[in-house]
>>> print(open('entry-v7.pdb').read())   # PDB, C-alpha atoms, pLDDT in the B column
ATOM      1  CA  MET A   1       7.675  13.537   9.009  1.00 39.00           C
ATOM      2  CA  PRO A   2      10.095  14.443  11.782  1.00 39.00           C
ATOM      3  CA  ALA A   3       8.896  14.505  15.348  1.00 39.00           C
ATOM      4  CA  SER A   4       7.867  17.957  16.528  1.00 41.00           C
ATOM      5  CA  LYS A   5       6.189  19.657  19.468  1.00 54.00           C
ATOM      6  CA  ASP A   6       2.821  19.022  17.842  1.00 70.00           C
ATOM      7  CA  TRP A   7       2.663  16.565  14.971  1.00 81.00           C
ATOM      8  CA  LEU A   8      -0.800  17.709  13.890  1.00 85.00           C
ATOM      9  CA  PRO A   9      -0.773  20.451  11.213  1.00 84.00           C
ATOM     10  CA  SER A  10      -2.402  23.676  12.283  1.00 82.00           C
ATOM     11  CA  ASN A  11      -4.192  24.567   9.042  1.00 86.00           C
ATOM     12  CA  HIS A  12      -7.132  22.855   7.355  1.00 89.00           C
ATOM     13  CA  GLU A  13      -5.406  21.878   4.130  1.00 90.00           C
ATOM     14  CA  GLU A  14      -2.336  20.235   5.657  1.00 89.00           C
ATOM     15  CA  LEU A  15      -4.426  18.376   8.213  1.00 92.00           C
ATOM     16  CA  TYR A  16      -6.702  17.103   5.463  1.00 93.00           C
ATOM     17  CA  ASP A  17      -3.779  15.916   3.320  1.00 92.00           C
ATOM     18  CA  GLN A  18      -2.185  14.118   6.269  1.00 92.00           C
ATOM     19  CA  ALA A  19      -5.472  12.467   7.241  1.00 94.00           C
ATOM     20  CA  VAL A  20      -5.959  11.245   3.660  1.00 94.00           C
ATOM     21  CA  GLN A  21      -2.463   9.736   3.802  1.00 93.00           C
ATOM     22  CA  THR A  22      -3.256   7.972   7.089  1.00 94.00           C
ATOM     23  CA  SER A  23      -6.621   6.575   6.012  1.00 93.00           C
ATOM     24  CA  GLY A  24      -5.257   5.629   2.587  1.00 93.00           C
ATOM     25  CA  TYR A  25      -2.510   3.507   4.136  1.00 94.00           C
ATOM     26  CA  LEU A  26      -5.129   1.715   6.230  1.00 95.00           C
ATOM     27  CA  THR A  27      -7.355   0.759   3.293  1.00 92.00           C
ATOM     28  CA  ASP A  28      -5.216  -2.363   2.860  1.00 92.00           C
ATOM     29  CA  PRO A  29      -6.860  -5.128   4.952  1.00 92.00           C
ATOM     30  CA  LEU A  30      -3.540  -6.958   5.269  1.00 93.00           C
ATOM     31  CA  VAL A  31      -1.962  -3.883   6.868  1.00 93.00           C
ATOM     32  CA  ARG A  32      -4.899  -3.474   9.228  1.00 93.00           C
ATOM     33  CA  ASP A  33      -4.724  -7.119  10.309  1.00 94.00           C
ATOM     34  CA  ARG A  34      -0.966  -6.912  10.836  1.00 93.00           C
ATOM     35  CA  ILE A  35      -1.118  -3.896  13.135  1.00 93.00           C
ATOM     36  CA  GLY A  36      -4.144  -5.025  15.142  1.00 92.00           C
ATOM     37  CA  LEU A  37      -6.944  -3.110  13.417  1.00 94.00           C
ATOM     38  CA  GLY A  38      -8.646  -6.058  11.749  1.00 91.00           C
ATOM     39  CA  PRO A  39     -12.402  -6.799  11.799  1.00 88.00           C
ATOM     40  CA  GLY A  40     -13.681  -7.916  15.178  1.00 87.00           C
ATOM     41  CA  THR A  41     -10.836  -6.397  17.183  1.00 90.00           C
ATOM     42  CA  THR A  42     -11.526  -3.699  19.745  1.00 89.00           C
ATOM     43  CA  GLN A  43      -9.186  -1.231  18.063  1.00 91.00           C
ATOM     44  CA  GLY A  44     -10.504  -2.120  14.605  1.00 91.00           C
ATOM     45  CA  THR A  45     -14.072  -1.420  15.699  1.00 93.00           C
ATOM     46  CA  TRP A  46     -12.988   1.857  17.304  1.00 93.00           C
ATOM     47  CA  TYR A  47     -11.181   2.874  14.110  1.00 94.00           C
ATOM     48  CA  ASP A  48     -14.302   2.265  11.998  1.00 93.00           C
ATOM     49  CA  THR A  49     -16.851   3.821  14.352  1.00 93.00           C
ATOM     50  CA  GLU A  50     -14.836   6.701  15.774  1.00 93.00           C
ATOM     51  CA  PHE A  51     -11.804   7.637  13.677  1.00 95.00           C
ATOM     52  CA  TYR A  52     -13.135   6.897  10.207  1.00 94.00           C
ATOM     53  CA  THR A  53     -16.613   8.275  10.926  1.00 95.00           C
ATOM     54  CA  LYS A  54     -15.250  11.589  12.170  1.00 96.00           C
ATOM     55  CA  PHE A  55     -12.705  11.711   9.336  1.00 96.00           C
ATOM     56  CA  THR A  56     -15.559  11.262   6.847  1.00 96.00           C
ATOM     57  CA  ASP A  57     -17.478  14.142   8.453  1.00 96.00           C
ATOM     58  CA  PHE A  58     -14.363  16.328   8.244  1.00 96.00           C
ATOM     59  CA  GLN A  59     -13.721  15.248   4.651  1.00 95.00           C
ATOM     60  CA  ILE A  60     -17.263  16.123   3.550  1.00 96.00           C
ATOM     61  CA  ALA A  61     -17.060  19.512   5.252  1.00 95.00           C
ATOM     62  CA  PHE A  62     -13.624  20.210   3.762  1.00 95.00           C
ATOM     63  CA  ASP A  63     -14.735  19.317   0.229  1.00 94.00           C
ATOM     64  CA  ASP A  64     -17.730  21.617   0.649  1.00 93.00           C
ATOM     65  CA  TRP A  65     -15.541  24.463   1.962  1.00 94.00           C
ATOM     66  CA  LYS A  66     -12.399  24.262  -0.178  1.00 90.00           C
ATOM     67  CA  ASP A  67     -13.653  26.292  -3.161  1.00 90.00           C
ATOM     68  CA  PRO A  68     -13.196  29.972  -2.147  1.00 87.00           C
ATOM     69  CA  ALA A  69     -15.853  31.071  -4.628  1.00 89.00           C
ATOM     70  CA  GLN A  70     -18.481  28.893  -2.922  1.00 89.00           C
ATOM     71  CA  ARG A  71     -17.310  29.401   0.648  1.00 89.00           C
ATOM     72  CA  THR A  72     -19.835  30.692   3.199  1.00 92.00           C
ATOM     73  CA  ARG A  73     -19.848  31.393   6.910  1.00 91.00           C
ATOM     74  CA  LEU A  74     -21.960  28.302   7.573  1.00 93.00           C
ATOM     75  CA  LYS A  75     -19.547  26.106   5.602  1.00 93.00           C
ATOM     76  CA  THR A  76     -16.592  27.503   7.532  1.00 92.00           C
ATOM     77  CA  GLU A  77     -18.311  26.890  10.854  1.00 93.00           C
ATOM     78  CA  ARG A  78     -19.170  23.341   9.831  1.00 95.00           C
ATOM     79  CA  LEU A  79     -15.565  22.720   8.814  1.00 94.00           C
ATOM     80  CA  ARG A  80     -14.268  23.996  12.154  1.00 93.00           C
ATOM     81  CA  GLU A  81     -16.739  21.849  14.095  1.00 95.00           C
ATOM     82  CA  THR A  82     -15.935  18.627  12.260  1.00 95.00           C
ATOM     83  CA  GLU A  83     -12.208  19.376  12.311  1.00 94.00           C
ATOM     84  CA  ALA A  84     -12.220  19.900  16.078  1.00 93.00           C
ATOM     85  CA  GLU A  85     -13.936  16.554  16.618  1.00 94.00           C
ATOM     86  CA  PHE A  86     -11.618  14.805  14.204  1.00 95.00           C
ATOM     87  CA  ARG A  87      -8.486  16.280  15.794  1.00 93.00           C
ATOM     88  CA  LYS A  88      -9.451  14.688  19.106  1.00 93.00           C
ATOM     89  CA  VAL A  89      -9.747  11.163  17.719  1.00 94.00           C
ATOM     90  CA  TYR A  90      -6.734  11.626  15.398  1.00 95.00           C
ATOM     91  CA  ARG A  91      -4.547  12.543  18.360  1.00 91.00           C
ATOM     92  CA  GLN A  92      -5.999   9.705  20.425  1.00 91.00           C
ATOM     93  CA  PHE A  93      -5.376   7.258  17.589  1.00 93.00           C
ATOM     94  CA  TYR A  94      -1.697   8.150  17.400  1.00 92.00           C
ATOM     95  CA  THR A  95      -0.769   8.665  21.038  1.00 87.00           C
ATOM     96  CA  GLY A  96      -3.153   6.106  22.543  1.00 86.00           C
ATOM     97  CA  PHE A  97      -2.656   3.231  20.128  1.00 89.00           C
ATOM     98  CA  LEU A  98      -0.303   3.528  17.169  1.00 92.00           C
ATOM     99  CA  LYS A  99       2.706   5.011  18.952  1.00 87.00           C
ATOM    100  CA  GLU A 100       2.571   2.471  21.808  1.00 84.00           C
ATOM    101  CA  SER A 101       1.646  -0.647  19.850  1.00 88.00           C
ATOM    102  CA  PRO A 102       4.455  -3.186  19.322  1.00 87.00           C
ATOM    103  CA  LEU A 103       2.680  -4.254  16.123  1.00 91.00           C
ATOM    104  CA  VAL A 104       3.141  -0.817  14.533  1.00 92.00           C
ATOM    105  CA  THR A 105       6.578  -0.048  13.115  1.00 91.00           C
ATOM    106  CA  ASP A 106       8.227   3.323  12.595  1.00 88.00           C
ATOM    107  CA  GLU A 107       7.850   2.646   8.872  1.00 89.00           C
ATOM    108  CA  ASP A 108       4.092   2.279   9.369  1.00 91.00           C
ATOM    109  CA  LEU A 109       3.934   5.592  11.225  1.00 92.00           C
ATOM    110  CA  ILE A 110       5.921   7.426   8.570  1.00 90.00           C
ATOM    111  CA  ALA A 111       3.813   5.909   5.785  1.00 91.00           C
ATOM    112  CA  MET A 112       0.728   7.266   7.575  1.00 92.00           C
ATOM    113  CA  GLY A 113       2.239  10.754   7.747  1.00 89.00           C
ATOM    114  CA  MET A 114       2.948  10.574  11.473  1.00 89.00           C
ATOM    115  CA  PRO A 115       6.210  11.008  13.401  1.00 87.00           C
ATOM    116  CA  ALA A 116       8.303   7.934  14.149  1.00 84.00           C
ATOM    117  CA  ARG A 117       9.554   7.045  17.616  1.00 78.00           C
ATOM    118  CA  ASN A 118      12.907   8.795  17.159  1.00 65.00           C
ATOM    119  CA  SER A 119      14.591   5.527  16.237  1.00 54.00           C
ATOM    120  CA  GLY A 120      16.825   7.189  13.657  1.00 49.00           C
ATOM    121  CA  ARG A 121      15.980   4.536  11.078  1.00 54.00           C
ATOM    122  CA  THR A 122      15.364   5.543   7.488  1.00 59.00           C
ATOM    123  CA  PRO A 123      12.116   4.076   6.139  1.00 63.00           C
ATOM    124  CA  ALA A 124      12.326   1.736   3.168  1.00 69.00           C
ATOM    125  CA  PRO A 125      11.610   3.591  -0.084  1.00 79.00           C
ATOM    126  CA  VAL A 126       8.670   2.820  -2.328  1.00 83.00           C
ATOM    127  CA  ALA A 127       9.791   1.344  -5.655  1.00 88.00           C
ATOM    128  CA  LYS A 128       9.437   3.683  -8.626  1.00 87.00           C
ATOM    129  CA  THR A 129      10.279   0.984 -11.164  1.00 91.00           C
ATOM    130  CA  TYR A 130       8.961  -2.524 -11.803  1.00 93.00           C
ATOM    131  CA  PRO A 131      11.026  -5.735 -11.938  1.00 93.00           C
ATOM    132  CA  ASP A 132      12.888  -6.736 -15.042  1.00 92.00           C
ATOM    133  CA  TYR A 133      12.735 -10.476 -15.766  1.00 91.00           C
ATOM    134  CA  ASP A 134      13.926 -13.538 -17.665  1.00 92.00           C
ATOM    135  CA  ILE A 135      11.869 -16.710 -18.200  1.00 94.00           C
ATOM    136  CA  ASP A 136      13.293 -20.221 -18.297  1.00 95.00           C
ATOM    137  CA  SER A 137      10.956 -22.696 -20.024  1.00 95.00           C
ATOM    138  CA  GLY A 138      13.476 -25.518 -20.325  1.00 95.00           C
ATOM    139  CA  THR A 139      11.580 -27.867 -18.011  1.00 96.00           C
ATOM    140  CA  ILE A 140       8.232 -29.288 -19.112  1.00 97.00           C
ATOM    141  CA  ARG A 141       5.163 -28.092 -17.225  1.00 96.00           C
ATOM    142  CA  ARG A 142       7.234 -25.383 -15.510  1.00 96.00           C
ATOM    143  CA  LEU A 143       7.975 -21.702 -15.968  1.00 96.00           C
ATOM    144  CA  THR A 144      10.808 -20.228 -13.930  1.00 96.00           C
ATOM    145  CA  ILE A 145      10.655 -16.447 -13.634  1.00 94.00           C
ATOM    146  CA  TYR A 146      13.906 -14.699 -12.718  1.00 92.00           C
ATOM    147  CA  PHE A 147      13.208 -11.149 -11.563  1.00 92.00           C
ATOM    148  CA  PHE A 148      15.689  -8.390 -10.772  1.00 91.00           C
ATOM    149  CA  ASP A 149      16.126  -4.645 -10.478  1.00 90.00           C
ATOM    150  CA  GLN A 150      16.308  -2.829 -13.787  1.00 83.00           C
ATOM    151  CA  ALA A 151      19.317  -0.910 -12.445  1.00 76.00           C
ATOM    152  CA  LYS A 152      21.047  -4.021 -11.072  1.00 65.00           C
ATOM    153  CA  ASN A 153      20.455  -6.553 -13.814  1.00 56.00           C
ATOM    154  CA  GLU A 154      24.026  -7.782 -13.720  1.00 54.00           C
ATOM    155  CA  SER A 155      23.753  -8.826 -10.066  1.00 58.00           C
ATOM    156  CA  ARG A 156      20.048  -9.705 -10.368  1.00 62.00           C
ATOM    157  CA  GLY A 157      19.402  -8.008  -7.018  1.00 77.00           C
ATOM    158  CA  LYS A 158      16.317  -6.338  -5.632  1.00 85.00           C
ATOM    159  CA  PRO A 159      16.089  -2.540  -5.307  1.00 85.00           C
ATOM    160  CA  ASP A 160      17.121  -1.191  -1.929  1.00 80.00           C
ATOM    161  CA  GLY A 161      14.424  -1.596   0.709  1.00 78.00           C
ATOM    162  CA  GLN A 162      12.302  -4.028  -1.323  1.00 85.00           C
ATOM    163  CA  HIS A 163      11.085  -7.204   0.367  1.00 82.00           C
ATOM    164  CA  GLY A 164      10.265  -9.089  -2.813  1.00 86.00           C
ATOM    165  CA  ALA A 165       8.181  -9.223  -5.971  1.00 92.00           C
ATOM    166  CA  GLU A 166       4.476  -9.891  -6.431  1.00 91.00           C
ATOM    167  CA  VAL A 167       3.528 -11.747  -9.603  1.00 94.00           C
ATOM    168  CA  CYS A 168      -0.078 -11.842 -10.796  1.00 94.00           C
ATOM    169  CA  TRP A 169      -0.846 -14.377 -13.527  1.00 95.00           C
ATOM    170  CA  ALA A 170      -3.560 -16.326 -15.315  1.00 96.00           C
ATOM    171  CA  ILE A 171      -3.975 -18.808 -18.159  1.00 97.00           C
ATOM    172  CA  LEU A 172      -6.209 -17.079 -20.700  1.00 96.00           C
ATOM    173  CA  ASP A 173      -7.443 -17.689 -24.232  1.00 95.00           C
ATOM    174  CA  THR A 174      -7.183 -14.002 -25.153  1.00 95.00           C
ATOM    175  CA  PRO A 175      -4.856 -11.235 -23.928  1.00 95.00           C
ATOM    176  CA  PRO A 176      -6.144  -9.513 -20.762  1.00 95.00           C
ATOM    177  CA  THR A 177      -7.218  -5.896 -20.832  1.00 91.00           C
ATOM    178  CA  ASN A 178      -6.103  -5.055 -17.275  1.00 91.00           C
ATOM    179  CA  VAL A 179      -4.265  -6.484 -14.288  1.00 92.00           C
ATOM    180  CA  GLU A 180      -7.524  -7.485 -12.563  1.00 91.00           C
ATOM    181  CA  ASP A 181      -7.924 -10.222 -15.194  1.00 93.00           C
ATOM    182  CA  LEU A 182      -4.850 -11.945 -13.735  1.00 95.00           C
ATOM    183  CA  VAL A 183      -6.640 -13.808 -10.957  1.00 92.00           C
ATOM    184  CA  HIS A 184      -3.688 -15.694  -9.422  1.00 93.00           C
ATOM    185  CA  SER A 185      -1.108 -14.000  -7.204  1.00 89.00           C
ATOM    186  CA  SER A 186       2.256 -15.231  -5.936  1.00 88.00           C
ATOM    187  CA  PHE A 187       4.827 -13.436  -3.787  1.00 84.00           C
ATOM    188  CA  CYS A 188       8.515 -14.268  -3.803  1.00 87.00           C
ATOM    189  CA  THR A 189      11.233 -12.715  -1.646  1.00 82.00           C
ATOM    190  CA  HIS A 190      14.098 -14.197  -3.649  1.00 85.00           C
ATOM    191  CA  SER A 191      14.375 -14.807  -7.374  1.00 89.00           C
ATOM    192  CA  PRO A 192      13.371 -17.038  -9.089  1.00 91.00           C
ATOM    193  CA  LEU A 193       9.645 -17.717  -8.807  1.00 92.00           C
ATOM    194  CA  VAL A 194       8.695 -21.191 -10.048  1.00 94.00           C
ATOM    195  CA  LEU A 195       5.229 -21.888 -11.472  1.00 95.00           C
ATOM    196  CA  ASP A 196       4.287 -25.528 -12.074  1.00 96.00           C
ATOM    197  CA  PHE A 197       1.411 -26.630 -14.291  1.00 96.00           C
ATOM    198  CA  LYS A 198      -0.525 -29.772 -15.236  1.00 96.00           C
ATOM    199  CA  GLU A 199       0.059 -31.919 -18.294  1.00 96.00           C
ATOM    200  CA  ASP A 200      -3.171 -30.790 -19.977  1.00 96.00           C
ATOM    201  CA  GLN A 201      -2.081 -27.150 -19.620  1.00 97.00           C
ATOM    202  CA  ARG A 202       0.966 -27.554 -21.839  1.00 97.00           C
ATOM    203  CA  GLY A 203       0.884 -25.248 -24.867  1.00 97.00           C
ATOM    204  CA  LYS A 204      -1.452 -22.758 -23.218  1.00 97.00           C
ATOM    205  CA  ILE A 205      -0.481 -19.125 -22.716  1.00 97.00           C
ATOM    206  CA  VAL A 206       0.192 -17.651 -19.279  1.00 97.00           C
ATOM    207  CA  TYR A 207      -0.151 -13.884 -18.935  1.00 97.00           C
ATOM    208  CA  PHE A 208       1.512 -12.197 -15.979  1.00 95.00           C
ATOM    209  CA  CYS A 209       2.916  -8.952 -14.595  1.00 95.00           C
ATOM    210  CA  LEU A 210       5.225  -8.056 -11.714  1.00 95.00           C
ATOM    211  CA  ARG A 211       5.738  -5.322  -9.137  1.00 93.00           C
ATOM    212  CA  TRP A 212       8.005  -4.716  -6.160  1.00 92.00           C
ATOM    213  CA  GLU A 213       6.798  -4.587  -2.560  1.00 86.00           C
ATOM    214  CA  ASN A 214       8.976  -2.925   0.067  1.00 80.00           C
ATOM    215  CA  THR A 215       9.582  -3.975   3.659  1.00 71.00           C
ATOM    216  CA  ARG A 216       6.712  -1.724   4.776  1.00 67.00           C
ATOM    217  CA  GLY A 217       4.258  -3.592   2.554  1.00 72.00           C
ATOM    218  CA  ILE A 218       3.928  -0.691   0.101  1.00 80.00           C
ATOM    219  CA  LYS A 219       3.768  -1.765  -3.527  1.00 85.00           C
ATOM    220  CA  GLY A 220       5.382  -0.165  -6.557  1.00 89.00           C
ATOM    221  CA  PRO A 221       3.986   0.117 -10.104  1.00 93.00           C
ATOM    222  CA  TRP A 222       3.009  -2.890 -12.199  1.00 94.00           C
ATOM    223  CA  SER A 223       5.079  -3.949 -15.182  1.00 94.00           C
ATOM    224  CA  GLU A 224       3.534  -4.364 -18.598  1.00 93.00           C
ATOM    225  CA  ILE A 225       1.444  -7.527 -19.009  1.00 95.00           C
ATOM    226  CA  LEU A 226       3.731 -10.244 -20.362  1.00 92.00           C
ATOM    227  CA  SER A 227       3.138 -13.744 -21.684  1.00 96.00           C
ATOM    228  CA  ALA A 228       4.794 -17.144 -21.993  1.00 97.00           C
ATOM    229  CA  VAL A 229       3.809 -20.557 -23.360  1.00 97.00           C
ATOM    230  CA  ILE A 230       3.693 -23.471 -20.916  1.00 97.00           C
ATOM    231  CA  PRO A 231       6.299 -26.002 -22.138  1.00 96.00           C
TER     232      PRO A 231
END
>>> encode(input="entry-v7.pdb", output="structure tokens")
Amino acid sequence: MPASKDWLPSNHEELYDQAVQTSGYLTDPLVRDRIGLGPGTTQGTWYDTEFYTKFTDFQIAFDDWKDPAQRTRLKTERLRETEAEFRKVYRQFYTGFLKESPLVTDEDLIAMGMPARNSGRTPAPVAKTYPDYDIDSGTIRRLTIYFFDQAKNESRGKPDGQHGAEVCWAILDTPPTNVEDLVHSSFCTHSPLVLDFKEDQRGKIVYFCLRWENTRGIKGPWSEILSAVIP
């Protein structure tokens, strides 16, 4: 979003969509810790008790009001009341903390739907593809996973703006039904990722999948769940 005279949308729907984008970005506890909104911090407590509480009130009122066929005067008044209260803390959150904090990057602000600090930098894109890969099992008790951009497989590079690849994996007796079954996670900024195993794990099957993460900490889609035998 480019900087403007007033960065807050004037209508209910656009404000709601922007607020959902902001709160959604801050559901990641790692992001909150990195920018100073973690549990136990003054700003983190303020975010939970002031910003998020008033956003929830606005969200409930908006959901109750958004269907024109069910809209009433009381619902409209309730929406306006909760929106007015939320606008105050939303503006305070941006101008009083986020915009001035050295822990918050322009990429963070843009990802939250807010204007950057006029730095002129282009935020790193979110990956729309998942990593392609090769597996080297030529060394006993080791799997070496080479990952690379599907569009740059000859150079084995990462997509533009991507910090590295996250690999979730697990040794299982039966194929997993979803990514949550892959209980181990490794992150690698440069290919390859090396996984070492114990002697008694040789011959077992490792299931894994990969996804890109950009320099703003935003993750792309998961690959299909793959498998390999521990040599």
>>> resolve_selection(input="entry-v7.pdb", expression="the PyMOL selection byres ((chain A and resi 202) around 9)", output="PDB file with C-alpha atoms, keeping the file's coordinate frame")
ATOM      1  CA  ILE A 140       8.232 -29.288 -19.112  1.00 97.00           C
ATOM      2  CA  ARG A 141       5.163 -28.092 -17.225  1.00 96.00           C
ATOM      3  CA  PHE A 197       1.411 -26.630 -14.291  1.00 96.00           C
ATOM      4  CA  LYS A 198      -0.525 -29.772 -15.236  1.00 96.00           C
ATOM      5  CA  GLU A 199       0.059 -31.919 -18.294  1.00 96.00           C
ATOM      6  CA  ASP A 200      -3.171 -30.790 -19.977  1.00 96.00           C
ATOM      7  CA  GLN A 201      -2.081 -27.150 -19.620  1.00 97.00           C
ATOM      8  CA  GLY A 203       0.884 -25.248 -24.867  1.00 97.00           C
ATOM      9  CA  LYS A 204      -1.452 -22.758 -23.218  1.00 97.00           C
ATOM     10  CA  ILE A 205      -0.481 -19.125 -22.716  1.00 97.00           C
ATOM     11  CA  VAL A 229       3.809 -20.557 -23.360  1.00 97.00           C
ATOM     12  CA  ILE A 230       3.693 -23.471 -20.916  1.00 97.00           C
ATOM     13  CA  PRO A 231       6.299 -26.002 -22.138  1.00 96.00           C
TER      14      PRO A 231
END
>>> resolve_selection(input="entry-v7.pdb", expression="the PyMOL selection byres ((chain A and resi 180) around 12)", output="list of chain:residue names")
A:Cys168, A:Trp169, A:Ala170, A:Pro176, A:Thr177, A:Asn178, A:Val179, A:Asp181, A:Leu182, A:Val183, A:His184, A:Ser185, A:Tyr207, A:Phe208, A:Cys209, A:Trp222, A:Ile225
>>> residues_around(input="entry-v7.pdb", residues="Leu15 of chain A", least_positions_apart="6", cutoff="9 Å", atoms="only C-alpha atoms", output="PyMOL selection string")
chain A and resi 8-9+83+87
>>> atom_distance(input="entry-v7.pdb", atom1="atom CA of Thr174 of chain A", atom2="atom CA of Ser137 of chain A")
20.8 Å
>>> atom_distance(input="entry-v7.pdb", atom1="atom CA of Thr105 of chain A", atom2="atom CA of Ser191 of chain A")
26.4 Å
>>> resolve_selection(input="entry-v7.pdb", expression="the PyMOL selection byres ((chain A and resi 76) around 10)", output="VMD selection string")
chain A and resid 61 to 62 64 to 66 71 to 75 77 to 81
>>> atom_distance(input="entry-v7.pdb", atom1="atom CA of Arg211 of chain A", atom2="atom CA of Pro102 of chain A")
28.6 Å
>>> closest_atom_pairs(input="entry-v7.pdb", of="segment 100-205 of chain A", to="segment 24-29 of chain A", cutoff="10 Å", atoms="all atoms listed in the file", output="CSV")
residue,atom,partner,partner_atom,distance
A:Asp108,CA,A:Tyr25,CA,8.5
A:Leu109,CA,A:Tyr25,CA,9.8
A:Ala111,CA,A:Tyr25,CA,7.0
A:Met112,CA,A:Tyr25,CA,6.0
A:Gly113,CA,A:Tyr25,CA,9.4
>>> write_last_selection(input="entry-v7.pdb", atoms="C-alpha atoms", output="compact mmCIF listing (two decimals), in the frame of the given file")
# COMPACT_ATOMS: atom_id res chain seq x y z
CA ASP A 108 4.09 2.28 9.37
CA LEU A 109 3.93 5.59 11.22
CA ALA A 111 3.81 5.91 5.78
CA MET A 112 0.73 7.27 7.58
CA GLY A 113 2.24 10.75 7.75
